[in-house]
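K.L.:
upload_33.tsv is the file, holding TSV, C-alpha atoms:
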chain	number	residue	atom	x	y	z
A	1316	MET	CA	-9.73	-3.23	2.63
A	1317	ARG	CA	-13.08	-2.21	4.06
A	1318	THR	CA	-14.61	-5.67	4.14
A	1319	ALA	CA	-13.63	-9.19	3.22
A	1320	GLY	CA	-14.95	-8.53	-0.28
A	1321	ARG	CA	-18.43	-7.83	-1.59
A	1322	GLY	CA	-20.99	-9.54	0.60
A	1323	ARG	CA	-18.36	-11.42	2.60
A	1324	ILE	CA	-19.51	-10.40	6.07
A	1325	VAL	CA	-22.98	-11.75	5.42
A	1326	GLY	CA	-21.43	-14.66	3.57
A	1327	ALA	CA	-19.19	-15.59	6.50
A	1328	LEU	CA	-22.18	-15.60	8.84
A	1329	ALA	CA	-24.18	-17.65	6.38
A	1330	LEU	CA	-21.36	-20.14	6.04
A	1331	ALA	CA	-21.01	-20.54	9.79
A	1332	GLY	CA	-24.75	-21.07	10.16
A	1333	ALA	CA	-24.84	-23.52	7.28
A	1334	LEU	CA	-22.03	-25.60	8.71
A	1335	ALA	CA	-23.68	-25.79	12.11
A	1336	LEU	CA	-27.33	-26.27	11.12
A	1337	ALA	CA	-27.65	-27.51	7.54
A	1338	ALA	CA	-28.89	-31.04	6.90
A	1339	PRO	CA	-26.43	-33.47	5.30
A	1340	ALA	CA	-28.34	-33.42	2.04
A	1341	ALA	CA	-27.85	-29.66	1.77
A	1342	ALA	CA	-24.10	-29.71	2.26
A	1343	THR	CA	-21.90	-29.20	-0.77
A	1344	PRO	CA	-18.30	-30.41	-0.44
A	1345	ALA	CA	-15.57	-28.01	-1.50
A	1346	PRO	CA	-13.67	-28.92	-4.69
A	1347	ALA	CA	-10.20	-30.38	-4.22
A	1348	ALA	CA	-8.60	-27.55	-6.19
A	1349	ALA	CA	-9.89	-24.35	-7.73
A	1350	THR	CA	-9.13	-23.48	-11.34
A	1351	PRO	CA	-7.42	-20.08	-11.31
A	1352	ALA	CA	-9.39	-17.35	-13.06
A	1353	PRO	CA	-7.85	-15.29	-15.87
A	1354	ALA	CA	-6.02	-12.19	-14.68
A	1355	ALA	CA	-8.68	-9.84	-16.04
A	1356	ALA	CA	-11.61	-11.72	-14.48
A	1357	ALA	CA	-13.12	-11.09	-11.05
A	1358	PRO	CA	-12.10	-13.63	-8.39
A	1359	THR	CA	-14.46	-16.56	-7.85
A	1360	PRO	CA	-16.62	-15.83	-4.79
A	1361	VAL	CA	-16.07	-18.16	-1.87
A	1362	TYR	CA	-18.83	-17.31	0.56
A	1363	PRO	CA	-22.38	-18.51	-0.27
A	1364	SER	CA	-23.94	-15.03	-0.39
A	1365	ALA	CA	-21.24	-13.43	-2.54
A	1366	PRO	CA	-22.82	-12.01	-5.74
A	1367	GLY	CA	-21.58	-12.75	-9.20
A	1368	GLY	CA	-21.12	-16.49	-9.02
A	1369	PRO	CA	-22.47	-19.82	-7.77
A	1370	ALA	CA	-22.63	-20.69	-4.09
A	1371	HIS	CA	-19.71	-22.59	-2.59
A	1372	SER	CA	-18.97	-24.00	0.82
A	1373	THR	CA	-15.80	-24.87	2.68
A	1374	PRO	CA	-15.12	-27.90	4.91
A	1375	THR	CA	-14.46	-25.74	7.97
A	1376	PRO	CA	-14.91	-22.02	8.68
A	1377	SER	CA	-11.69	-20.03	8.72
A	1378	LEU	CA	-10.64	-16.65	10.09
A	1379	ILE	CA	-8.61	-16.21	6.93
A	1380	PRO	CA	-10.62	-15.61	3.72
A	1381	LEU	CA	-9.84	-18.16	1.07
A	1382	ASP	CA	-9.65	-15.92	-2.01
A	1383	SER	CA	-5.91	-16.43	-2.43
A	1384	ASP	CA	-5.68	-13.92	-5.27
A	1385	GLU	CA	-6.92	-11.14	-2.99
A	1386	HIS	CA	-5.40	-11.93	0.37
A	1387	GLY	CA	-3.62	-14.85	1.97
A	1388	PHE	CA	-2.17	-16.25	5.13
A	1389	GLY	CA	-1.27	-13.54	7.59
A	1390	ASP	CA	-4.15	-11.26	6.54
A	1391	ARG	CA	-6.75	-11.39	9.29
A	1392	LEU	CA	-10.49	-10.99	9.39
A	1393	ALA	CA	-11.44	-8.36	11.98
A	1394	ALA	CA	-14.57	-8.41	14.11
A	1395	ASP	CA	-16.44	-6.12	11.68
A	1396	GLY	CA	-15.51	-8.30	8.69
A	1397	ARG	CA	-12.71	-6.19	7.24
A	1398	VAL	CA	-9.44	-7.74	6.20
A	1399	VAL	CA	-6.54	-6.46	8.30
A	1400	PRO	CA	-3.29	-6.62	6.28
A	1401	SER	CA	-0.70	-9.16	7.32
A	1402	LEU	CA	2.33	-8.19	9.37
A	1403	GLY	CA	5.63	-8.20	7.58
A	1404	ILE	CA	9.11	-7.62	8.98
A	1405	LEU	CA	9.34	-5.96	12.39
A	1406	THR	CA	12.41	-3.97	13.41
A	1407	GLU	CA	13.38	-1.48	16.07
A	1408	SER	CA	12.72	1.34	13.56
A	1409	ILE	CA	9.78	0.37	11.36
A	1410	HIS	CA	6.98	-2.20	11.32
A	1411	PHE	CA	5.00	-3.27	8.25
A	1412	ALA	CA	1.50	-4.56	7.58
A	1413	VAL	CA	0.90	-5.01	3.87
A	1414	LEU	CA	-2.16	-6.58	2.23
A	1415	ASN	CA	-1.05	-9.93	0.87
A	1416	PRO	CA	-1.46	-9.19	-2.88
A	1417	GLU	CA	0.55	-5.96	-2.53
A	1418	GLU	CA	3.54	-7.53	-0.74
A	1419	PRO	CA	5.44	-8.24	-4.01
A	1420	TYR	CA	5.36	-4.51	-4.78
A	1421	VAL	CA	6.92	-3.38	-1.48
A	1422	ASP	CA	10.66	-3.92	-0.86
A	1423	GLN	CA	10.58	-4.04	2.92
A	1424	ASN	CA	14.35	-4.41	3.25
A	1425	THR	CA	14.90	-1.14	1.36
A	1426	LEU	CA	12.49	0.62	3.70
A	1427	ILE	CA	14.18	-0.90	6.75
A	1428	MET	CA	17.58	0.39	5.63
A	1429	LEU	CA	16.02	3.81	5.03
A	1430	ALA	CA	14.36	3.94	8.44
A	1431	ARG	CA	17.60	2.95	10.17
A	1432	SER	CA	19.41	5.77	8.38
A	1433	LEU	CA	16.99	8.45	9.60
A	1434	PRO	CA	17.24	10.36	12.91
A	1435	LEU	CA	14.25	8.65	14.53
A	1436	GLU	CA	15.22	9.67	18.09
A	1437	GLY	CA	13.07	6.93	19.57
A	1438	ARG	CA	10.15	7.09	17.14
A	1439	ILE	CA	8.84	3.87	15.55
A	1440	VAL	CA	7.05	3.99	12.21
A	1441	MET	CA	4.06	1.68	11.71
A	1442	LEU	CA	3.30	1.48	7.98
A	1443	THR	CA	0.11	-0.25	6.79
A	1444	VAL	CA	-0.75	-0.65	3.10
A	1445	ASP	CA	-4.33	-1.58	2.17
A	1446	VAL	CA	-6.57	-1.41	-0.92
A	1447	ALA	CA	-10.06	0.08	-0.99
A	1448	ASP	CA	-13.13	-1.91	-1.99
A	1449	PRO	CA	-14.38	-1.72	-5.58
A	1450	GLY	CA	-16.55	1.31	-6.19
A	1451	ALA	CA	-15.27	3.30	-3.18
A	1452	ASP	CA	-15.04	7.08	-3.40
A	1453	GLU	CA	-12.65	9.34	-1.48
A	1454	ALA	CA	-14.92	9.63	1.58
A	1455	ALA	CA	-15.30	5.86	1.74
A	1456	MET	CA	-11.54	5.40	1.37
A	1457	ARG	CA	-10.85	7.75	4.31
A	1458	ALA	CA	-13.42	6.01	6.49
A	1459	ASP	CA	-11.94	2.69	5.41
A	1460	ALA	CA	-8.39	3.76	6.31
A	1461	GLU	CA	-9.47	4.97	9.75
A	1462	ALA	CA	-11.43	1.78	10.45
A	1463	THR	CA	-8.55	-0.43	9.29
A	1464	ALA	CA	-6.15	1.48	11.55
A	1465	ARG	CA	-8.59	1.12	14.46
A	1466	ALA	CA	-8.97	-2.63	13.88
A	1467	MET	CA	-5.19	-2.95	13.63
A	1468	VAL	CA	-4.49	-1.42	17.05
A	1469	LEU	CA	-7.51	-2.85	18.89
A	1470	GLU	CA	-7.51	-6.42	17.54
A	1471	TYR	CA	-4.13	-7.11	15.93
A	1472	ARG	CA	-1.45	-4.79	17.36
A	1473	THR	CA	-2.76	-4.73	20.92
A	1474	GLY	CA	0.60	-3.60	22.29
A	1475	MET	CA	0.40	-0.24	20.51
A	1476	PRO	CA	-2.38	1.54	22.50
A	1477	GLU	CA	-1.62	3.18	25.82
A	1478	ASP	CA	-2.09	1.14	28.97
A	1479	PRO	CA	-4.65	1.71	30.42
A	1480	PRO	CA	-6.46	2.31	27.13
A	1481	SER	CA	-7.97	5.70	26.37
A	1482	THR	CA	-9.08	7.67	23.33
A	1483	GLY	CA	-8.24	11.07	21.89
A	1484	PRO	CA	-10.63	13.87	20.91
A	1485	ASP	CA	-11.29	12.17	17.57
A	1486	GLY	CA	-12.26	8.91	19.27
A	1487	PHE	CA	-9.19	7.05	17.99
A	1488	PRO	CA	-7.24	5.02	20.59
A	1489	LEU	CA	-4.27	6.88	22.07
A	1490	LEU	CA	-1.00	5.15	21.19
A	1491	ASP	CA	2.12	4.57	23.26
A	1492	PRO	CA	4.52	7.54	23.07
A	1493	PRO	CA	6.93	6.55	20.25
A	1494	TRP	CA	4.53	5.53	17.47
A	1495	VAL	CA	4.05	7.23	14.09
A	1496	MET	CA	1.26	5.17	12.50
A	1497	THR	CA	0.48	5.74	8.81
A	1498	THR	CA	-2.30	3.68	7.23
A	1499	VAL	CA	-2.23	3.94	3.43
A	1500	MET	CA	-5.42	3.19	1.52
A	1501	LEU	CA	-4.78	2.69	-2.19
A	1502	PRO	CA	-7.60	3.34	-4.69
A	1503	PRO	CA	-9.77	0.36	-5.66
A	1504	ALA	CA	-8.51	-1.82	-8.47
A	1505	ASP	CA	-11.40	-0.73	-10.69
A	1506	ASP	CA	-10.58	2.98	-10.35
A	1507	ASP	CA	-10.08	4.82	-13.65
A	1508	GLY	CA	-7.40	7.13	-12.25
A	1509	ALA	CA	-9.74	9.71	-10.73
A	1510	LEU	CA	-8.85	8.73	-7.15
A	1511	ALA	CA	-5.54	9.11	-5.32
A	1512	PRO	CA	-4.31	7.23	-2.25
A	1513	VAL	CA	-5.36	8.54	1.16
A	1514	VAL	CA	-3.52	8.28	4.49
A	1515	HIS	CA	-4.81	7.99	8.04
A	1516	LEU	CA	-2.25	9.33	10.52
A	1517	ALA	CA	-2.10	8.53	14.22
A	1518	THR	CA	0.83	9.48	16.44
A	1519	GLY	CA	1.74	8.35	19.92
A	1520	THR	CA	1.36	10.60	22.93
A	1521	GLY	CA	5.08	11.37	22.73
A	1522	VAL	CA	5.13	12.48	19.08
A	1523	THR	CA	3.81	15.79	17.71
A	1524	PRO	CA	2.87	15.91	13.99
A	1525	GLY	CA	3.65	18.98	11.94
A	1526	PRO	CA	1.00	21.07	10.16
A	1527	ASP	CA	-0.57	19.61	7.00
A	1528	LEU	CA	1.35	16.35	7.49
A	1529	VAL	CA	-1.45	14.18	6.06
A	1530	SER	CA	-1.49	16.29	2.88
A	1531	ARG	CA	2.28	15.96	2.57
A	1532	LEU	CA	2.10	12.19	2.99
A	1533	GLU	CA	-0.65	11.86	0.40
A	1534	ALA	CA	1.37	13.98	-2.05
A	1535	ASP	CA	4.19	11.42	-1.75
A	1536	LEU	CA	1.75	8.67	-2.77
A	1537	ARG	CA	-0.26	10.42	-5.48
A	1538	ASP	CA	0.82	8.01	-8.25
A	1539	ALA	CA	0.61	4.77	-6.24
A	1540	ARG	CA	-1.92	2.23	-7.51
A	1541	PRO	CA	-2.71	-1.42	-6.66
A	1542	GLY	CA	-0.49	-3.91	-8.44
A	1543	THR	CA	2.31	-1.43	-9.15
A	1544	GLU	CA	5.69	-0.84	-7.49
A	1545	HIS	CA	5.18	1.10	-4.24
A	1546	THR	CA	8.68	1.17	-2.75
A	1547	GLY	CA	9.75	4.59	-4.03
A	1548	ALA	CA	6.52	6.27	-2.91
A	1549	LEU	CA	6.69	4.61	0.50
A	1550	GLU	CA	10.32	5.71	0.91
A	1551	ALA	CA	9.19	9.29	0.36
A	1552	LEU	CA	6.33	8.80	2.84
A	1553	VAL	CA	8.66	7.48	5.57
A	1554	ARG	CA	11.07	10.39	5.06
A	1555	THR	CA	8.22	12.88	5.30
A	1556	ALA	CA	6.71	11.20	8.36
A	1557	VAL	CA	10.03	11.45	10.20
A	1558	ALA	CA	10.94	14.95	8.97
A	1559	HIS	CA	7.58	16.43	9.98
A	1560	THR	CA	7.05	14.86	13.40
A	1561	THR	CA	8.79	15.79	16.63
A	1562	PRO	CA	9.51	13.32	19.45
A	1563	SER	CA	9.11	14.43	23.05
A	1564	ASP	CA	11.98	14.59	25.51
A	1565	GLN	CA	10.56	11.42	27.10
A	1566	VAL	CA	10.76	9.48	23.82
A	1567	ARG	CA	14.30	10.75	23.17
A	1568	ALA	CA	15.42	9.85	26.69
A	1569	LEU	CA	13.99	6.35	26.46
A	1570	ALA	CA	15.75	5.80	23.14
A	1571	GLU	CA	19.07	6.98	24.59
A	1572	GLU	CA	18.61	4.70	27.59
A	1573	GLU	CA	17.94	1.65	25.41
A	1574	GLU	CA	20.87	2.45	23.12
A	1575	GLU	CA	23.38	2.60	25.96
A	1576	SER	CA	25.98	-0.07	25.68
A	1577	LEU	CA	25.74	-3.08	27.93
A	1578	PHE	CA	29.22	-2.26	29.20
A	1579	ALA	CA	28.87	1.50	29.60
A	1580	ASP	CA	29.92	3.16	32.88
A	1581	ARG	CA	31.26	-0.06	34.40
A	1582	PRO	CA	33.78	0.12	37.27
A	1583	ALA	CA	37.31	-1.12	36.62
A	1584	TRP	CA	36.86	-4.38	38.55
A	1585	GLN	CA	33.93	-5.34	36.32
A	1586	TRP	CA	36.04	-4.73	33.22
A	1587	ALA	CA	38.77	-6.95	34.71
A	1588	ALA	CA	36.25	-9.69	35.48
A	1589	LEU	CA	34.84	-9.42	31.99
A	1590	GLY	CA	38.31	-9.70	30.47
A	1591	ALA	CA	39.04	-12.81	32.52
A	1592	LEU	CA	35.74	-14.34	31.44
A	1593	VAL	CA	36.45	-13.67	27.77
A	1594	LEU	CA	39.93	-15.15	28.04
A	1595	GLY	CA	38.53	-18.21	29.77
A	1596	LEU	CA	35.92	-18.73	27.05
A	1597	VAL	CA	38.58	-18.37	24.37
A	1598	ALA	CA	40.76	-20.96	26.09
A	1599	VAL	CA	37.86	-23.40	26.42
A	1600	GLY	CA	37.01	-22.91	22.75
A	1601	VAL	CA	40.61	-23.56	21.65
A	1602	LEU	CA	40.85	-26.73	23.72
A	1603	ALA	CA	37.51	-27.99	22.43
A	1604	LEU	CA	38.57	-27.33	18.85
A	1605	ARG	CA	41.84	-29.22	19.34
A	1606	ARG	CA	40.04	-32.18	20.87
A	1607	ARG	CA	37.55	-32.24	18.09
A	1608	ARG	CA	40.31	-32.24	15.47
A	1609	ARG	CA	42.36	-34.85	17.31
A	1610	GLY	CA	39.45	-37.09	18.30
A	1611	THR	CA	39.49	-39.68	21.06
A	1612	GLY	CA	39.88	-42.80	18.92
A	1613	THR	CA	39.92	-43.77	15.29
A	1614	GLY	CA	37.38	-41.17	14.21
A	1615	PRO	CA	36.59	-37.55	14.97
A	1616	ALA	CA	34.97	-36.64	18.25
A	1617	GLU	CA	31.19	-36.55	18.16
A	1618	ALA	CA	29.39	-33.30	18.91
A	1619	PRO	CA	26.73	-33.45	21.61
A	1620	ALA	CA	23.23	-34.08	20.25
A	1621	PRO	CA	21.09	-30.93	20.10
A	1622	LEU	CA	18.12	-30.68	22.38
A	1623	PRO	CA	15.05	-31.87	20.43
A	1624	ALA	CA	12.22	-29.44	19.81
A	1625	ASP	CA	9.60	-29.78	22.52
A	1626	PRO	CA	6.92	-27.10	22.92
A	1627	ALA	CA	5.83	-28.74	26.19
A	1628	ARG	CA	8.81	-27.03	27.84
A	1629	PHE	CA	6.84	-23.79	27.57
A	1630	ALA	CA	3.37	-25.14	28.33
A	1631	HIS	CA	3.15	-22.75	31.29
A	1632	ALA	CA	3.43	-19.72	28.98
A	1633	GLY	CA	-0.05	-18.32	29.66
A	1634	ASP	CA	-0.14	-14.72	28.44
A	1635	ASP	CA	3.65	-14.31	28.49
A	1636	PRO	CA	4.52	-13.36	24.88
A	1637	ALA	CA	8.16	-14.45	25.17
A	1638	LEU	CA	7.27	-17.96	26.36
A	1639	ARG	CA	4.44	-18.20	23.82
A	1640	LEU	CA	6.91	-17.30	21.08
A	1641	ARG	CA	9.36	-19.91	22.37
A	1642	ALA	CA	6.60	-22.55	22.18
A	1643	LEU	CA	5.67	-21.44	18.65
A	1644	THR	CA	9.27	-21.67	17.44
A	1645	GLU	CA	9.38	-25.24	18.79
A	1646	LEU	CA	6.14	-26.02	16.95
A	1647	LEU	CA	7.49	-24.46	13.74
A	1648	ALA	CA	10.65	-26.57	14.00
A	1649	LEU	CA	8.60	-29.75	14.49
A	1650	ALA	CA	6.27	-28.88	11.62
A	1651	ALA	CA	9.09	-28.04	9.19
A	1652	ASP	CA	10.80	-31.34	10.05
A	1653	ALA	CA	7.72	-33.50	9.45
A	1654	PRO	CA	8.12	-36.08	6.63
A	1655	GLY	CA	7.33	-34.39	3.34
A	1656	ALA	CA	7.14	-30.89	4.83
A	1657	ARG	CA	10.54	-29.77	3.59
A	1658	ALA	CA	9.29	-30.02	0.01
A	1659	LEU	CA	6.67	-27.34	0.67
A	1660	PRO	CA	7.51	-23.74	-0.29
A	1661	GLN	CA	6.25	-22.61	3.13
A	1662	ALA	CA	8.87	-24.75	4.90
A	1663	ARG	CA	11.65	-22.32	3.98
A	1664	GLU	CA	9.69	-19.44	5.51
A	1665	ALA	CA	9.02	-21.52	8.63
A	1666	THR	CA	12.70	-22.40	9.03
A	1667	ALA	CA	13.72	-18.75	8.57
A	1668	ALA	CA	11.08	-17.74	11.12
A	1669	VAL	CA	12.53	-20.16	13.70
A	1670	VAL	CA	15.97	-18.61	13.31
A	1671	GLU	CA	14.71	-15.01	13.27
A	1672	HIS	CA	12.41	-15.36	16.28
A	1673	THR	CA	14.97	-17.34	18.29
A	1674	LEU	CA	17.62	-14.66	17.74
A	1675	ALA	CA	15.11	-11.97	18.70
A	1676	LEU	CA	14.13	-13.85	21.87
A	1677	ASP	CA	17.75	-14.34	22.87
A	1678	SER	CA	18.19	-10.59	22.53
A	1679	LEU	CA	14.90	-9.30	23.97
A	1680	ALA	CA	14.08	-11.98	26.55
A	1681	PRO	CA	17.13	-14.21	27.15
A	1682	GLY	CA	15.70	-15.61	30.38
A	1683	SER	CA	12.78	-17.12	28.47
A	1684	ARG	CA	15.12	-19.80	27.07
A	1685	ARG	CA	15.08	-21.34	30.56
A	1686	GLY	CA	11.32	-20.95	30.84
A	1687	ARG	CA	11.46	-17.93	33.13
A	1688	PRO	CA	8.31	-15.77	32.84
A	1689	ASP	CA	8.37	-11.97	32.48
A	1690	ALA	CA	11.99	-12.12	31.31
A	1691	PHE	CA	11.77	-8.92	29.27
A	1692	ARG	CA	11.38	-5.16	29.57
A	1693	ARG	CA	7.90	-3.69	29.22
A	1694	SER	CA	9.03	-1.64	26.23
A	1695	VAL	CA	9.66	-4.77	24.13
A	1696	ARG	CA	6.34	-6.45	24.89
A	1697	PRO	CA	4.65	-5.02	21.74
A	1698	GLU	CA	7.37	-6.46	19.51
A	1699	LEU	CA	7.12	-9.85	21.21
A	1700	GLU	CA	3.34	-9.86	20.78
A	1701	ASP	CA	3.74	-8.95	17.12
A	1702	ARG	CA	6.19	-11.79	16.64
A	1703	VAL	CA	3.71	-14.18	18.26
A	1704	GLY	CA	1.15	-13.17	15.63
A	1705	GLN	CA	3.70	-13.65	12.86
A	1706	ALA	CA	4.72	-17.08	14.11
A	1707	GLU	CA	1.10	-18.20	14.43
A	1708	ALA	CA	0.39	-17.10	10.85
A	1709	THR	CA	3.53	-18.87	9.56
A	1710	LEU	CA	2.58	-22.08	11.36
A	1711	ARG	CA	-0.99	-21.99	10.01
A	1712	ALA	CA	0.29	-21.39	6.47
A	1713	LEU	CA	2.66	-24.37	6.66
A	1714	VAL	CA	0.04	-26.73	8.11
A	1715	GLU	CA	-2.56	-25.63	5.55
A	1716	ALA	CA	-0.09	-26.17	2.70
A	1717	GLY	CA	0.72	-29.61	4.08
A	1718	ARG	CA	-2.96	-30.46	4.31
A	1719	ARG	CA	-3.50	-29.54	0.66
A	1720	ALA	CA	-0.40	-31.36	-0.59
A	1721	ARG	CA	-0.77	-34.72	-2.33
A	1722	PRO	CA	0.10	-36.85	-0.52
A	1723	ALA	CA	-0.84	-34.77	2.50
A	1724	VAL	CA	1.86	-34.09	5.08
A	1725	ARG	CA	1.29	-35.82	8.40
A	1726	PHE	CA	2.28	-33.29	11.06
A	1727	PRO	CA	2.83	-34.27	14.71
A	1728	ASP	CA	-0.33	-34.25	16.81
A	1729	VAL	CA	0.95	-31.38	18.94
A	1730	VAL	CA	1.30	-29.22	15.81
A	1731	ARG	CA	-2.18	-30.03	14.53
A	1732	GLU	CA	-3.67	-29.36	17.95
A	1733	ALA	CA	-1.97	-25.95	18.08
A	1734	VAL	CA	-3.60	-24.68	14.86
A	1735	ARG	CA	-7.13	-25.88	15.61
The structure in this file should be written as structure tokens.
P.N.:
Amino acid sequence: MRTAGRGRIVGALALAGALALAAPAAATPAPAAATPAPAAAAPTPVYPSAPGGPAHSTPTPSLIPLDSDEHGFGDRLAADGRVVPSLGILTESIHFAVLNPEEPYVDQNTLIMLARSLPLEGRIVMLTVDVADPGADEAAMRADAEATARAMVLEYRTGMPEDPPSTGPDGFPLLDPPWVMTTVMLPPADDDGALAPVVHLATGTGVTPGPDLVSRLEADLRDARPGTEHTGALEALVRTAVAHTTPSDQVRALAEEEEESLFADRPAWQWAALGALVLGLVAVGVLALRRRRRGTGTGPAEAPAPLPADPARFAHAGDDPALRLRALTELLALAADAPGARALPQAREATAAVVEHTLALDSLAPGSRRGRPDAFRRSVRPELEDRVGQAEATLRALVEAGRRARPAVRFPDVVREAVR
């Protein structure tokens, strides 16, 4: 989406100025709840300068636009005012960023299974799905797609560009070797069918695109429209993107290195030591199970109490994405466990995020569990940074839902401080 809606850049600036400078008599409190508009009607403008409706104000400015029927938590407002689609599921094969209203029309799990079945040879697909502004023509859609892709890599996915940063002949940031970045711009919702989706393509320095690849990708999407099922078209796009790009020997070699088994090429004495360790763990597990069944008195043996969530254990995180993610999972656990929070729909997502991010951390940066900094390979830093962004968005969504609930959820002070 090119901007945060018609007039929203100016509106956001006007709102910020009004909040800081307006006299008390000029302030207008936000309503407690908005009456949803009919499906066929235009969304109610939120920012004061938005045309087509009365002026409104919000209690506090937010980086996330409040028109929940157009975009929601996870979508971000870039420096130039455009909405950058929210990140979805991240895997070793494919990453997603889908504008919030289009997420129900994209089966990310189907696309993940597809990507994992393809011979990627080290390539990683970054798939962004956005919607053009009302009234846009093809030229505006292409400029919009390029600008959204640029905002994504410079402000949101900062682990994707090369380090140190540089630009290609077209002025677009050069990406790390394995990336195949496709930014899909769907026609505006008010289009009468004259426009077709456009694609901005950017490949990493280790991937070579085939001839006419953009045209091939756009042919896969020719029937895609906002508010309709996109999964089949996006499956075709991913297949084409992989079939018509070629990874370099460097990308292939790195993939082979990372796929090597943890136990490959070990000397015999290490295998023997490993076998002894496994047998010892099995024996300890059997004894513990027997003791638990037998108990030590009249009742069953009690399991040790789990370590309570405490984000302060990772207060020294700084810019370390693994430790920051550890702290955020602790905050998510505290927030989801607050009285009344479990009744919120966002609590299930928060709980799932704690499990997902913890498993990822134990795999990508196991040393971070003990608070050790830089406990990960450089190649996984982008994924960790992406997960930090996801966890932050999930936490904000849960706290905002709790704030709007009646009665409001009282989150721990450390959680409320983290989202300010």
K.L.:
Would you pick out the contacts of segment 1689-1691 of chain A at 6 Å or less, using all atoms listed in the file, so that residues sharing its chain but fewer than 4 positions from it are not included, and give the list as an MDAnalysis selection string?
P.N.:
chainID A and resid 1680 1682:1683
K.L.:
For each of A:Gly1396, A:Gly1508, A:Gly1717, A:Pro1636, take the minimum atom-to-atom distance to Arg1687 of chain A, counting all atoms listed in the file, then give the residue where this is smallest.
P.N.:
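Of A:Gly1396, A:Gly1508, A:Gly1717, A:Pro1636, the one nearest Arg1687 of chain A, counting all atoms listed in the file, is A:Pro1636.
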K.L.:
Of the residues A:Asp1527, A:Glu1477, A:Asp1390, A:Glu1671, which is the one nearest to Arg1711 of chain A, using only C-alpha atoms?
P.N.:
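Looking at the shortest contact to Arg1711 of chain A, the residue is A:Asp1390.
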K.L.:
When you draw a straight line from atom CA of Ala1393 of chain A to atom CA of Asp1635 of chain A, how long is it in Å?
P.N.:
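Going from atom CA of Ala1393 of chain A over to atom CA of Asp1635 of chain A, I get 23.1 Å.
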K.L.:
Kindly give the distance, in Å, that separates atom CA of Asp1507 of chain A and atom CA of Thr1463 of chain A, rounded to a single decimal.
P.N.:
23.6 Å
K.L.:
Neighbouring residues of Thr1473 of chain A were defined as those with any atom within 12 Å, considering only C-alpha atoms; residues of the same chain fewer than 2 positions away were excluded. Please report them as a PyMOL selection string.
P.N.:
chain A and resi 1464-1471+1475-1480+1488-1491+1636+1696-1701+1703-1704
K.L.:
As a PDB file, in the coordinates of the input, could you write out segment 1410-1421 of chain A once it has been completed with N, CA and C atoms?
P.N.:
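File written: out.pdb
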ATOM      1  N   HIS A1410       7.782  -0.982  11.397  1.00  0.00           N
ATOM      2  CA  HIS A1410       6.980  -2.200  11.320  1.00  0.00           C
ATOM      3  C   HIS A1410       6.097  -2.098  10.074  1.00  0.00           C
ATOM      4  N   PHE A1411       5.796  -3.246   9.468  1.00  0.00           N
ATOM      5  CA  PHE A1411       5.000  -3.270   8.250  1.00  0.00           C
ATOM      6  C   PHE A1411       3.754  -4.126   8.426  1.00  0.00           C
ATOM      7  N   ALA A1412       2.678  -3.713   7.764  1.00  0.00           N
ATOM      8  CA  ALA A1412       1.500  -4.560   7.580  1.00  0.00           C
ATOM      9  C   ALA A1412       1.005  -4.270   6.173  1.00  0.00           C
ATOM     10  N   VAL A1413       1.193  -5.220   5.283  1.00  0.00           N
ATOM     11  CA  VAL A1413       0.900  -5.010   3.870  1.00  0.00           C
ATOM     12  C   VAL A1413      -0.104  -6.072   3.416  1.00  0.00           C
ATOM     13  N   LEU A1414      -1.183  -5.633   2.748  1.00  0.00           N
ATOM     14  CA  LEU A1414      -2.160  -6.580   2.230  1.00  0.00           C
ATOM     15  C   LEU A1414      -1.451  -7.586   1.335  1.00  0.00           C
ATOM     16  N   ASN A1415      -1.804  -8.854   1.498  1.00  0.00           N
ATOM     17  CA  ASN A1415      -1.050  -9.930   0.870  1.00  0.00           C
ATOM     18  C   ASN A1415      -0.784  -9.726  -0.626  1.00  0.00           C
ATOM     19  N   PRO A1416      -1.756  -9.336  -1.451  1.00  0.00           N
ATOM     20  CA  PRO A1416      -1.460  -9.190  -2.880  1.00  0.00           C
ATOM     21  C   PRO A1416      -0.496  -8.050  -3.198  1.00  0.00           C
ATOM     22  N   GLU A1417      -0.340  -7.093  -2.274  1.00  0.00           N
ATOM     23  CA  GLU A1417       0.550  -5.960  -2.530  1.00  0.00           C
ATOM     24  C   GLU A1417       1.970  -6.194  -2.031  1.00  0.00           C
ATOM     25  N   GLU A1418       2.202  -7.279  -1.299  1.00  0.00           N
ATOM     26  CA  GLU A1418       3.540  -7.530  -0.740  1.00  0.00           C
ATOM     27  C   GLU A1418       4.632  -7.599  -1.813  1.00  0.00           C
ATOM     28  N   PRO A1419       4.366  -8.194  -3.005  1.00  0.00           N
ATOM     29  CA  PRO A1419       5.440  -8.240  -4.010  1.00  0.00           C
ATOM     30  C   PRO A1419       5.866  -6.864  -4.511  1.00  0.00           C
ATOM     31  N   TYR A1420       5.070  -5.846  -4.260  1.00  0.00           N
ATOM     32  CA  TYR A1420       5.360  -4.510  -4.780  1.00  0.00           C
ATOM     33  C   TYR A1420       5.978  -3.597  -3.719  1.00  0.00           C
ATOM     34  N   VAL A1421       6.318  -4.161  -2.560  1.00  0.00           N
ATOM     35  CA  VAL A1421       6.920  -3.380  -1.480  1.00  0.00           C
ATOM     36  C   VAL A1421       8.223  -4.057  -1.070  1.00  0.00           C
TER      37      VAL A1421
END
